[in-house]
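Remarks on the structure that follows.
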Amino acid sequence: MDDQKEIVRRVLKDAFAEWRADLTNPILTHDECLDMRTKLLSVHVEDVECFLSQVLEDLLDTHTGKASNSEDVESVVDFLDVPTSGNDVQFWKERLDRERFEHMLNLEEELRSEKYTTFKHITPLQARALCAWLEYARTWADLEWNIEQVNSALAYWTKRAQVDQISDALADEVIGLLEKLNGGNRYWDSLYWEFQEDATQLFVRVLLTDSQNNPENIKAATCILRSVLSPLLPSNGYMASWCAVIIYEGEHVGGAIGGFKGDWKSLGMEC
């Protein structure tokens with residue numbers, strides 16, 4: 001078990017290494033980590049990685065191993081359990097009147113939405129680190145009364161850890177279709193593309209000439225990029241699967257970005 005603990009510690013450090021490079025970020029003492037266990041949901045989104053990773057690392061060494069004296073480790077699991085208390089729905093439905101039950105469901109939905117926002121920047125690598133921590137923590141006596149919640153959190157972060165890579169063949173198909181629709185450089189003068197994020201995102205940049213740099217053409221080019229990229233590229237969990245930018249003389253003048261398959265938003269120009 002000591003070997004597993006050190007593996008989890010190393011995985012956490014590697015996955016959450018970026019915040020340590022900023023020397024202005026606080027290094028928490030054990031007492032501060034202990035206090036933070038019940039306060040993680042109140043942490044600003046930009047500080048979540050810093051505080052959460054330290055709390056998780058601290059727990060590797062300081063969990064009590066006693067179900068009767070958990071020192072709020074279940075609050076950390078509750079924070080990580082984005083689906084919230086779905087397992088208790090039937091229990092409360094049988095015990096609350098309709099109005100109070102619906103109120104409880106609304107509160108849970110608000111909490112779930114807040115957690116989605118809190119964790120929106122967590123990467124697949126970090127999600128895998130959270131899975132490793134949850135797998136290890138489920139062996140602790142501290143959490144023997146909270147196994148269902150541990151499993152719920154683990155199921156959520158396992159999905160977040162899965163990343164769809166874009167194949168070379170699909171990228172070639174996408175770029176070929178864009179070039180064909182451009183129709184002899186009608187909408188843009190040249191196109192550059194590359195894989196980013198370990199081939200889980202396709203980045204496309206098109207360059208305009210003087211005559212192409214007008215609102216009507218930028219709108220048309222953005223629509224072409226979106227209409228090709230959005231339907232063809234696979235969903236990539238909670239990360240953007242593609243990004244297309246339109247450039248004129250080094251300045252970004254339009255484009256679009258997408259995450260889920262079929263989902264996109266315009267950049268600089270509504271379409």
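Here, A, B, ... name the chains of the structure tokens in the order displayed, residue numbers run from 1 inside each chain, and ligands are numbered from 1 in the same displayed order.
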
Could you give me, as a PyMOL selection string, each residue of segment 156-204 of chain A that DSSP assigns to strand (DSSP E) when run on this structure's backbone?
chain A and resi 190-196+201-204

Nearest candidate to Leu225 of chain A (options A:Asn182, A:Ser190, A:Gln4, A:Asn151; using only C-alpha atoms):
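Answer, going by the shortest atom-to-atom distance: A:Asn182.
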
Could you produce a table of the residues of segment 122-164 of chain A lying within 10 Å of segment 39-52 of chain A, with the nearest pair of atoms per residue and their separation in Å rounded to one decimal, using only C-alpha atoms, ordered by chain and increasing residue number, as JSON lines?
```
{"residue": "A:Ile122", "atom": "CA", "partner": "A:Glu49", "partner_atom": "CA", "distance": 8.0}
{"residue": "A:Gln126", "atom": "CA", "partner": "A:Glu49", "partner_atom": "CA", "distance": 9.1}
{"residue": "A:Leu130", "atom": "CA", "partner": "A:Leu52", "partner_atom": "CA", "distance": 10.0}
```

Selected residues, C-alpha atoms, written as an mmCIF file, in the first residue's frame, please.
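Okay, this is what ended up in out25.cif:
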```
data_model
loop_
_atom_site.group_PDB
_atom_site.id
_atom_site.type_symbol
_atom_site.label_atom_id
_atom_site.label_comp_id
_atom_site.auth_asym_id
_atom_site.auth_seq_id
_atom_site.Cartn_x
_atom_site.Cartn_y
_atom_site.Cartn_z
ATOM 1 C CA ILE A 122 -9.446 20.183 -15.312
ATOM 2 C CA GLN A 126 -5.560 15.750 -14.024
ATOM 3 C CA LEU A 130 -8.133 12.255 -9.442
#
```

Write out as a list of chain:residue names the residues lying within 10 Å of Ser53 of chain A, counting only C-alpha atoms and excluding same-chain residues fewer than 6 positions away.
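Using only C-alpha atoms, the neighbours found are A:Arg9, A:Leu12, A:Lys13, A:Ala15, A:Phe16, A:Ala17, A:Trp19, A:Cys33, A:Leu59, A:Gln126, A:Ala129, A:Leu130.
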
Residue list (alpha helix (DSSP H), DSSP) for segment 23-218 of chain A, as number ranges by chain
A: 30-36, 48-62, 73-80, 89-93, 98-118, 124-137, 147-161, 168-182, 215-218

Just checking: using only C-alpha atoms, which residue out of A:Ala155, A:Ala244, A:Leu134, A:Tyr116 ends up closest to Leu191 of chain A?
A:Ala244

Using only C-alpha atoms, which of the listed residues (A:Pro83, A:Gly184, A:Gly176, A:Pro124) sits closest to Glu148 of chain A?
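Using only C-alpha atoms, Glu148 of chain A sits closest to A:Pro83.
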
Between A:Gln201, A:Ala132, A:Asn213, A:Tyr192, which is the closest to Val245 of chain A once you count only C-alpha atoms?
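The shortest atom-to-atom distance to Val245 of chain A comes from A:Tyr192.
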
One number please: atom CA of Phe79 of chain A to atom CA of Gly258 of chain A, in Å, one decimal.
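Interatomic distance here is 27.8 Å.
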
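Distances from A:Leu233, A:Ile218, A:Ala161, A:Val204 to Leu178 of chain A were compared using only C-alpha atoms, and the smallest one belongs to A:Val204.
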
Determine the nearest neighbour of Val82 of chain A from the options A:Asn217, A:Thr62, A:Gln196, A:Ser152, counting only C-alpha atoms.
A:Ser152

To one decimal in Å, tell me the separation between atom CA of Gln54 of chain A and atom CA of Pro26 of chain A.
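Separation of atom CA of Gln54 of chain A and atom CA of Pro26 of chain A: 10.0 Å.
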